Structures are given as C-alpha cells and as structure tokens.
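Trainee: Once you've had a glance at the structure underneath, I'll fire off some questions.
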2 protein chains.
Amino acid sequence: MIVHDLTAALGESAVSTDPDDLMDHAQDWWVLGMLRKRRGDELTLPECVVRPQTVGQVAAVLEVATAHGVPVVPFGGGSGVCGAAQAVAGAVVLDTRRFDRIVIDEQALTVRTGAGVIGSELETVLNESGLTLGHFPQSIAISTVGGWLATRSAGQKSNRYGRIDEMVIGLVVVLPDGSVIELPARPATSAGPDLTRLFLGSEGTLGVMTEATLRVRPAPSHHLSAGFRFDSFVSGLRALQALSRAGLAPAVTRLYDETDAWMSFRDHAPGGAPLIVRLEGDDVLSAESDALDSAVAAAGGALLGPTLADRWWEHRNDAVGTIRQVMFDGLLGPTAVADTMEVAVTWPVDELYHSVRDALSQQADLVGCHASHVDRQGACLYFTFAMTGSPDDSAVEERYLAAWQAGMEATVDVGGTITHHHGVGLLRTPWIDAELGTGAKLLRLVKQALDPSGIMNPGKLIG
Amino acid sequence: MIVHDLTAALGESAVSTDPDDLMDHAQDWWVLGMLRKRRGDELTLPECVVRPQTVGQVAAVLEVATAHGVPVVPFGGGSGVCGAAQAVAGAVVLDTRRFDRIVIDEQALTVRTGAGVIGSELETVLNESGLTLGHFPQSIAISTVGGWLATRSAGQKSNRYGRIDEMVIGLVVVLPDGSVIELPARPATSAGPDLTRLFLGSEGTLGVMTEATLRVRPAPSHHLSAGFRFDSFVSGLRALQALSRAGLAPAVTRLYDETDAWMSFRDHAPGGAPLIVRLEGDDVLSAESDALDSAVAAAGGALLGPTLADRWWEHRNDAVGTIRQVMFDGLLGPTAVADTMEVAVTWPVDELYHSVRDALSQQADLVGCHASHVDRQGACLYFTFAMTGSPDDSAVEERYLAAWQAGMEATVDVGGTITHHHGVGLLRTPWIDAELGTGAKLLRLVKQALDPSGIMNPGKLIG
C-alpha cells in the first residue's frame with residue numbers, strides 16, 4: 001500500500017491520512033467545487049497528503065508514486081480557481097508548504113524562495129529590507145510562490161512589474177522520475193533555451209517545483225491614486241489603448257463597465273465607466289500624473305479624484321470579493337453562484353468585450369467586466385458573472401457550465417486567449433486544444449518525455 | 001542520394017550544389033573558422049544548400065534528411081561568432097532567407113516576420129510606419145530574425161527594450177519529424193507553458209523556426225547622447241550598479257576599461273574609464289538627463305560631453321569592429337587573431353572582470369573590456385582580446401583556444417554565465433555542462449524527445 005511505502009521513505013510526520021487533512025486538500029477555490037460542497041456532494045478525497053521538506057523527499061514521493069502507478073497532485077495554498085489542485089481519486093497530494101526558506105541577495109537584487117512560501121509573507125520579508133517583488137495577485141494572502149509559478153500568475157500591478165514569468169531567473173524542479181533539476185539563476189544568458197519557462201504554467205503536470213530565484217527591486221518610495229470617468233466602457237478602452245501605446249499606463253489601471261462598477265463600488269459608483277489608477281515610482285510623481293491627466297482628457301475622460309481608487313486599494317483583497325459575497329454571504333440569495341472569467345486579446349479589445357458579455361448574458365443574471373493588465377499589445381478583460389439559484393442546485397450547475405461554454409467559445413471565436421492569469425485547471429481543458437492549436441501536440445510531446453507514466457496531476461491543463 | 005530526393009521534393013531552384021554556394025554556407029563568422037580559411041585549410045563543406053519557402057517545404061527537407069540520416073544545419077545570415085552555423089560533413093544546409101514576409105499589425109503593435117528577414121530591413125519597414133522593434137545587435141545589417149531567435153540575441157539598446165526573448169509572442173517552427181507547430185501570438189496568457197521559449201536559444205538543434213510574431217512600439221521621438229569619465233573601471237562599475245538599481249540606466253550604457261577605450265576610440269580616449277550613454281524617449285529628456293548627471297556625479301563620475309557617444313553611435317556597426325580590423329585590416333600584423341568573449345554575472349561584477357581579464361592576459365597580448373546590457377540584477381562584460389601572430393599559424397590557434405579555455409573556466413569559477421548574447425555554437429560546448437548543471441540533463445531529454453534521430457545541427461550547443 002502506497003501510504004506504507006511513503007511513510008517508510010519520508011517518516012510518519014510527513015504523511016497524513018487524517019480525514020480533515022484529506023478534506024482540506026480535496027479541492028481548491030474552483031466555484032464548481034464550492035457549489036458541490038455547499039449542496040453536500042461527497043467529495044473526491046486523496047489517498048493521503050505528504051509534506052516533504054527536501055528535494056530528496058520529493059524525489060522519493062515521485063518514485064514511490066511511479067512504482068505504484070498512483071497520481072500525484074501538487075498543492076500549495078489551494079487558492080486556484082480552476083480546479084488545478086482538485087484531488088484525483090486515490091491520489092497522493094504533495095503539499096509544498098514545507099519549502100519555506102527565503103534568502104535575499106541584496107547585491108544581486110534576487111530572492112531565493114521556497115515554493116511553499118505564502119505570497120504576503122514573502123513580500124513582508126522583502127519589505128523589511130526595503131525591497132519588493134512587485135507581484136500582487138488578489139490571492140496574495142493565501143497563495144504560494146509555487147502556485148504563482150504553476151499558473152503564470154499576473155498581479156494587480158503587472159503593468160509596471162510584469163507577470164511572474166518575467167521575475168523568474170532560476171528554478172529547482174523534481175521530475176517524475178525523481179531527477180532533481182536545478183536551473184541556475186541566470187538573469188541574462190544566451191546559453192541555450194530558458195528551461196524555467198517549461199514549468200511556468202505547467203500546473204503540476206510536468207514535475208514539482210520546490211524553489212525559485214526571483215528578481216526583486218527597491219520598493220517604490222512614492223505612490224499616487226487617481227480616478228477618471230468615461231461615458232462608456234468602449235471609449236474608456238480606447239483611452240487605455242492610447243495610454244499603453246504612449247507608455248503612460250500606471251502600475252494599476254482598472255476600467256470598469258457600469259455593471260462591474262456597481263458590483264465593486266455600489267452606491268459610490270459614479271455612473272458610466274470609471275477608471276481607477278495607482279502610480280508608483282521612486283520620486284515625486286507629479287510629472288507622470290500631469291502627463292496621465294492630459295492623455296486621459298485628450299481621450300475624453302473626466303477627472304474624478306482619488307476616492308474610488310483609494311477605496312479599491314483598501315478593499316482590493318477582501319478574499320475573493322464578489323464571488324465570496326455571492327457564494328457565502330448570500331448577496332443574491334442562498335443558492336446563487338458567481339465566478340470570474342479573465343480572458344485577453346490584442347488591441348482593439350471591444351469585440352472580445354461584446355462577444356463574451358453577450359455570451360455570458362444568455363446564462364447569467366449579472367455580467368460585469370473590468371479591463372486591467374494593459375500593455376502596448378492588448379488588455380485583459382475580467383468578467384464577473386452571477387446567476388441567482390433555484391432550490392434545485394443542479395439547474396444552477398448546468399447554467400454555470402453553459403455560461404463557461406458560451407464565454408470560452410466566444411473568446412476562441414475572436415482570437416482571444418482563454419485565460420490571462422487564472423490558468424486552465426480542470427475547468428478550461430475542453431478549450432485547450434482550440435487555444436494552443438498545433439502547440440497542443442508539442443505540449444503533449446513534452447509531457448510524454450518528462451512524465452511517461454502520466455502520474456503528474458492527470459486530467460489537468462491538457463486533459 | 002539525398003540531393004536527388006530533395007530536388008524531387010522541392011524543385012531544382014530550391015536545391016544547390018554550386019561550389020561557391022557550398023563555400024558561402026560552410027561557416028559563419030567564428031574567428032577560428034576565419035583563421036583556418038585565412039591560412040588556406042580545406043573547409044568542411046555541406047552536401048547541398050536548400051532554400052525552402054514554405055513550411056511544407058521545410059517539413060519535406062526534414063523528412064528526407066531523417067530518411068537518409070543526414071544532418072541539417074539551419075542557416076540565416078551566417079553572422080554568428082561561435083560556429084553554430086558551421087557546416088557538418090555531408091550536411092544539408094537549410095537557408096531560411098526565403099522566409100521574408102513582414103506583416104505589421106498597427107493596432108496590436110506586433111509584426112509577423114519571416115525568420116529569413118535581415119534585421120536592418122525589418123527595422124526599416126517598421127520605421128516607415130513610425131515603429132521600432134528596439135533590437136539593435138551590432139550585426140543588424142547582416143543577421144536574420146531567425147538567427148536572433150536561435151541565439152537569444154541582445155541588442156545595443158537592451159537596457160530599454162529588452163532582449164529578443166522578451167519581444168517574441170508567437171512562433172512557427174517545424175519539428176524534425178516534419179510536424180508544423182504554430183504557437184499562436186499571445187502577448188499575455190496563462191494557458192500552459194510558453195513553448196516559444198523552448199526554441200529561443202536552441203541554435204537549430206530542436207527544429208527550424210520559420211516565422212515569429214514580435215512586439216513592436218512607436219519609435220522614440222527624442223534621443224540624447226552623453227559621456228562621463230571614471231578614474232577606474234571598477235568605480236564605473238559601482239556607478240552602473242547604482243544607476244541600474246535606481247532604474248536610471250539609459251537605453252545604451254557602455255563603460256570601457258582603459259584598454260578597450262583605446263581600442264575603441266584611439267586618440268579620442270579620455271584616459272581612465274569612459275562611460276557613454278544614449279537616452280531615448282517619447283518626450284524631451286531633460287529631466288531624465290538631469291537625474292542621470294546627478295546620479296553619475298554622486299557616484300564619482302565626471303561629465304565629458306556627448307562627443308564620444310556620438311562617435312560610437314556613428315561607427316557602432318562598422319562590421320565587426322576591432323575583430324575585423326585585426327583579422328583583415330592587419331591592425332596587429334598579418335597573422336594576428338582577435339575575438340570577443342561576452343559573459344555576465346549578477347552584481348557586483350568586479351570579480352568576474354578581474355578573473356577573466358587575468359585569465360585572458362595569460363594568452364593574449366591585448367585584453368580590453370566594456371560593460372553593457374545592465375539591469376538591476378547584473379551586467380554583461382564584453383572582453384575583446386587579441387594576440388599577435390607568428391608565421392606559424394598553428395601556434396596562434398593553440399593560444400586562441402587556450403585563451404578561451406582560461407576565460408571560460410574563470411567565468412564558471414565565479415558563477416557567471418559563459419555567454420550573454422553570442423550563444424554557444426561549437427566554441428563553447430566544452431563548458432555547457434558546467435553552465436547548465438543538472439539542467440543539461442533536461443535539455444538533452446527535450447532534445448531526445450523532439451529530435452530522436454539527432455539530425456538537427458549535431459555537435460552544436462550541447463555537443
């Protein structure tokens with residue numbers, strides 16, 4: 001029995017079959033899982049949870065799992081929203097939290113961090129040295145570095161600091177055959193392909209990442225909030241494109257359509273399409289702020305003042321926001337369901353907006369959208385949709401899945417990407433082939449080469 | 001016979017066995033090849049040169065080569081300096097130059113470009129639309145986009161615009177089995193690993209890249225040259241670190257040690273360690289320039305004025321600079337040899353400078369260095385070394401190889417990367433295992449999966 005072999009290899013303190021532990025590692029924050037849990041469905045539980053703390057122990061887990069032909073599901077904070085960390089029947093869940101070491105190099109401005117470190121803990125440690133990673137996903141208080149790497153996470157300030165991919169310069173990963181691969185920290189090299197990229201976004205299907213070396217920087221000394229208002233979301237989108245093109249997009253830019261503004265700000269919503277921004281820098285930001293004001297005015301926006309942006313900043317991580325309010329706080333009644341769908345496309349993004357909103361509206365009662373994560377090439381559209389439930393939850397589940405079907409198809413039809421920063425998990429696997437095209441063949445070829453027994457997180461990402 | 005099968009598949013106009021053509025595709029700009037050619041050695045010639053112009057034709061070439069067990073060497077501008085494009089005995093050289101299409105998307109600010117497009121042609125076409133790629137390697141007039149991708153090239157303005165890796169958002173590649181993989185253009189996605197990165201830096205060992213989609217941007221409207229002088233190279237390095245850390249590094253920063261300043265500027269060299277910079281932006285640069293002047297002054301630098309920087313700008317691409325002057329113009333006599341060795345490490349970089357300079361000085365008569373390509377994490381040290389020859393060229397060759405041995409070992413010893421932007425080719429394969437550590441195993445695993453017959457550019461990159 002695998003639990004016996006794992007205990008022999010790792011010791012008793014690293015292997016758990018405690019029912020609460022299994023339950024805690026049965027699923028992540030995927031709404032469908034929460035929905036099923038809320039209505040009392042029996043959950044798929046793993047066989048056990050292992051907590052290795054050395055790469056040697058991770059290798060041992062993978063070797064034992066391979067010998068038994070048992071799947072392994074890597075698990076960090078469990079905050080994913082697409083089911084990538086959902087248990088597979090009989091699986092070993094590999095909890096990465098004991099990889100918790102943080103070592104800062106103040107000269108090289110890098111940090112070597114365990115994959116199990118929680119985001120806000122890492123940021124706190126960096127701040128104590130006057131540094132920042134610049135990575136602020138909404139989940140920062142509950143997600144791990146390993147989770148960020150596994151999903152190619154993008155934080156709220158990605159305009160200025162980039163997504164996690166751009167911060168990674170070194171990686172330690174254990175392959176399914178137990179080989180420990182240490183990709184040395186190389187901020188700038190031409191010596192062969194950047195193999196760290198193979199694992200970023202791999203969602204636990206190619207190996208287990210245990211440690212990464214990341215670029216850091218001095219924390220900015222100045223910040224400034226501002227707000228603007230456009231008559232319509234589409235005119236706001238044009239302004240965002242102009243700002244991005246001119247290199248004027250601040251650290252945070254969030255443009256809300258009228259529904260999302262209501263969901264986000266309720267009585268404080270100013271009507272029309274508000275744009276909130278946050279500038280950050282190492283000096284007074286007046287010149288940057290003036291340039292922004294002029295560019296927004298030229299694009300038809302009106303000045304609102306900083307109140308809305310400050311309000312957003314204060315509440316930005318109220319853990320999972322609208323979704324939580326709908327699912328747990330009864331905002332739309334006790335059986336309602338809400339979820340978010342972040343997609344992206346190159347400029348102009350109007351067509352993606354209209355197509356996905358229309359598609360979701362056929363199933364959902366409420367569909368809001370904001371644009372964020374802008375650059376010269378395009379933007380992310382972050383849809384929040386909610387459906388009021390009936391006493392019969394299975395009808396809600398059907399509508400939920402139909403909404404995803406419609407939204408994903410609309411995205412693929414206009415050439416967008418099916419996920420900007422949440423990943424694929426189980427939720428989006430039906431559209432991964434449409435997303436990757438012939439690239440799906442290449443990804444499967446790599447999967448076959450690295451994980452010939454198929455033990456790593458089966459069913460996720462590429463189905 | 002393979003030429004017969006290739007002609008049958010591609011037509012006569014796409015297959016050449018013309019001796020001049022074979023000679024032109026026998027080697028790249030690797031100094032050792034030039035040295036051997038200069039002394040009249042018989043060169044290793046390929047069997048033929050093929051010039052496909054569709055992915056279907058590339059697939060046909062690879063299928064025929066696989067069937068015959070014959071190696072394939074992809075060839076763009078032939079301007080590499082490490083032998084990556086050097087012919088392998090009996091090989092088919094696959095010339096990519098017929099992939100010459102350029103399609104700009106003015107909304108998305110992207111360009112879809114054939115791998116065979118020469119860099120300066122691409123930049124000219126972009127400039128006509130008011131755009132720039134921001135990629136300016138010294139070889140721009142003779143190197144191709146495909147060559148840039150294959151070596152993870154970094155241009156002279158990489159401080160501001162990044163290296164080529166950061167510009168690539170889509171790629172078409174033909175695998176050795178003839179599969180055409182089209183990785184769709186995705187400026188921002190979380191849908192699986194970024195598989196374009198597998199081929200960037202692969203030096204033709206994993207497949208044939210035929211087309212890429214790259215980020216572009218509006219060409220900057222303003223630029224400004226400036227120059228400074230430090231008493232010593234090491235104090236200049238400290239200043240560069242401070243500038244980078246503060247986010248003040250301009251588009252171009254080049255700090256020369258005294259020998260390199262002499263090689264580069266002769267009578268115009270100001271003594272000590274000159275730093276030349278070029279600022280670029282979309283608005284007047286006075287604020288940025290003032291901040292730079294203050295930061296340099298605080299770090300102990302003296303103002304020199306723009307003359308030296310302007311001089312460098314004007315002569316920056318005098319094709320391959322000092323190397324050309326030594327090898328062909330007889331600067332150090334008719335049998336002298338010169339080469340460049342660009343390495344990099346995280347800050348502080350003093351130790352790398354001293355170690356490599358001392359190592360090279362044991363074999364070379366002249367060793368100069370400049371630092372460029374700086375960021376918050378580190379810098380590239382670009383050594384130029386030259387040795388006066390004896391009438392017996394084989395002694396020069398021995399000293400040349402001994403200099404590389406010493407310089408590479410010194411780099412590995414202090415934890416630097418053996419190449420910042422020239423790649424590995426044949427020249428650096430002896431040190432690739434030291435460079436990649438356990439990552440070499442992973443690279444070979446990927447190579448085995450994608451190129452099981454080993455036909456793609458054998459002997460290069462990973463030996």
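Chain identifiers are assigned as A, B, and so on, following the order in which chains appear in the structure tokens; residues are numbered from 1 within each chain, and ligands are numbered from 1 in order of appearance.
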Can you check which residues of chain A have any atom within 6 Å of chain B? Use only C-alpha atoms and format it as an NGL selection string.
Mentor: :A and (107-109 or 152 or 181-183 or 189-193 or 198 or 200-202 or 346-347 or 377 or 419-421 or 423 or 438-439 or 449)
Trainee: Within 9 Å of Ser372 in chain B, counting only C-alpha atoms, which residues qualify if same-chain residues fewer than 2 places away don't, as a list in words?
Mentor: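 The residues that qualify are Gln156, Ser158, Asn159, Val252, Thr253, Arg254, Leu255, His370, Val374, Ala379, Cys380, Leu381 and Tyr382 of chain B.
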Trainee: Could you save the residues just selected, with N, CA and C atoms, as an mmCIF file, in the first residue's frame?
Mentor:
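Printed below is result.cif as written:
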```cif
data_model
loop_
_atom_site.group_PDB
_atom_site.id
_atom_site.type_symbol
_atom_site.label_atom_id
_atom_site.label_comp_id
_atom_site.auth_asym_id
_atom_site.auth_seq_id
_atom_site.Cartn_x
_atom_site.Cartn_y
_atom_site.Cartn_z
ATOM 1 N N GLN B 156 22.057 46.508 -28.739
ATOM 2 C CA GLN B 156 22.780 47.571 -28.039
ATOM 3 C C GLN B 156 21.897 48.388 -27.104
ATOM 4 N N SER B 158 19.420 47.096 -25.235
ATOM 5 C CA SER B 158 18.643 46.124 -24.446
ATOM 6 C C SER B 158 18.239 46.660 -23.074
ATOM 7 N N ASN B 159 18.975 47.625 -22.533
ATOM 8 C CA ASN B 159 18.578 48.199 -21.231
ATOM 9 C C ASN B 159 17.133 48.681 -21.284
ATOM 10 N N VAL B 252 21.204 52.959 -23.867
ATOM 11 C CA VAL B 252 22.565 52.446 -24.069
ATOM 12 C C VAL B 252 23.451 52.920 -22.931
ATOM 13 N N THR B 253 24.180 52.003 -22.314
ATOM 14 C CA THR B 253 25.244 52.380 -21.384
ATOM 15 C C THR B 253 26.430 51.493 -21.695
ATOM 16 N N ARG B 254 27.565 52.106 -21.951
ATOM 17 C CA ARG B 254 28.779 51.341 -22.236
ATOM 18 C C ARG B 254 29.925 51.956 -21.453
ATOM 19 N N LEU B 255 30.456 51.191 -20.544
ATOM 20 C CA LEU B 255 31.588 51.624 -19.717
ATOM 21 C C LEU B 255 32.821 50.857 -20.170
ATOM 22 N N HIS B 370 34.430 46.120 -21.989
ATOM 23 C CA HIS B 370 33.426 47.120 -21.633
ATOM 24 C C HIS B 370 32.229 46.425 -21.008
ATOM 25 N N VAL B 374 23.080 46.422 -18.856
ATOM 26 C CA VAL B 374 22.950 46.388 -17.400
ATOM 27 C C VAL B 374 21.475 46.315 -16.999
ATOM 28 N N ALA B 379 25.273 42.634 -15.052
ATOM 29 C CA ALA B 379 25.746 43.277 -16.272
ATOM 30 C C ALA B 379 26.513 42.273 -17.118
ATOM 31 N N CYS B 380 26.652 42.626 -18.372
ATOM 32 C CA CYS B 380 27.461 41.862 -19.311
ATOM 33 C C CYS B 380 28.853 42.484 -19.368
ATOM 34 N N LEU B 381 29.862 41.673 -19.298
ATOM 35 C CA LEU B 381 31.233 42.142 -19.535
ATOM 36 C C LEU B 381 31.674 41.603 -20.886
ATOM 37 N N TYR B 382 32.032 42.519 -21.750
ATOM 38 C CA TYR B 382 32.339 42.174 -23.134
ATOM 39 C C TYR B 382 33.833 42.372 -23.343
#
```
Trainee: Of the candidates A:Leu292, A:Ala269, A:Ala371, A:Val117, which shows the shortest atom-to-atom distance to Ile102 in chain A, using only C-alpha atoms?
Mentor: A:Val117
Trainee: In range 30-207 of chain A, what's helix (DSSP H, G or I) per DSSP? Answer as an NGL selection string?
Mentor: :A and (31-38 or 55-68 or 119-128 or 145-151 or 158-161 or 164-167 or 196-199)
Trainee: Between CA of Leu206 in chain B and CA of Asp20 in chain B, what distance in Å does the model show, to one decimal?
Mentor: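 Computing it gives 28.0 Å between the two atoms.
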Trainee: DSSP on the backbone, then: every residue of range 134-270 of chain B marked strand (DSSP E), written as a ChimeraX atom specification.
Mentor: /B:168-174,180-183,208-215,217-218,222-230,252-256
Trainee: Need the shell around Met263 in chain A: protein/DNA/RNA residues with any atom at most 12 Å away, counting only C-alpha atoms. Skip same-chain ones fewer than 2 positions apart. Format as a PyMOL selection string?
Mentor: chain A and resi 256-261+265-269+312+321-323+325-326+331-332+338+366-370+383-386
Trainee: From the set B:Pro430, B:Pro52, B:Gly463, B:Gly227, which residue has the shortest atom-to-atom contact distance to Pro306 in chain B, counting only C-alpha atoms?
Mentor: B:Gly227
Trainee: Can you list, as a ChimeraX atom specification, every protein, DNA or RNA residue that comes within 9 Å of Gly77 in chain A when you count only C-alpha atoms, leaving out same-chain residues fewer than 4 positions away?
Mentor: /A:28,95-97,116-118,142-147
Trainee: If you count only C-alpha atoms, which residues fall within 7 Å of Leu360 in chain A, apart from same-chain ones fewer than 5 positions away, as number ranges by chain?
Mentor: A: 367, 403, 406-407
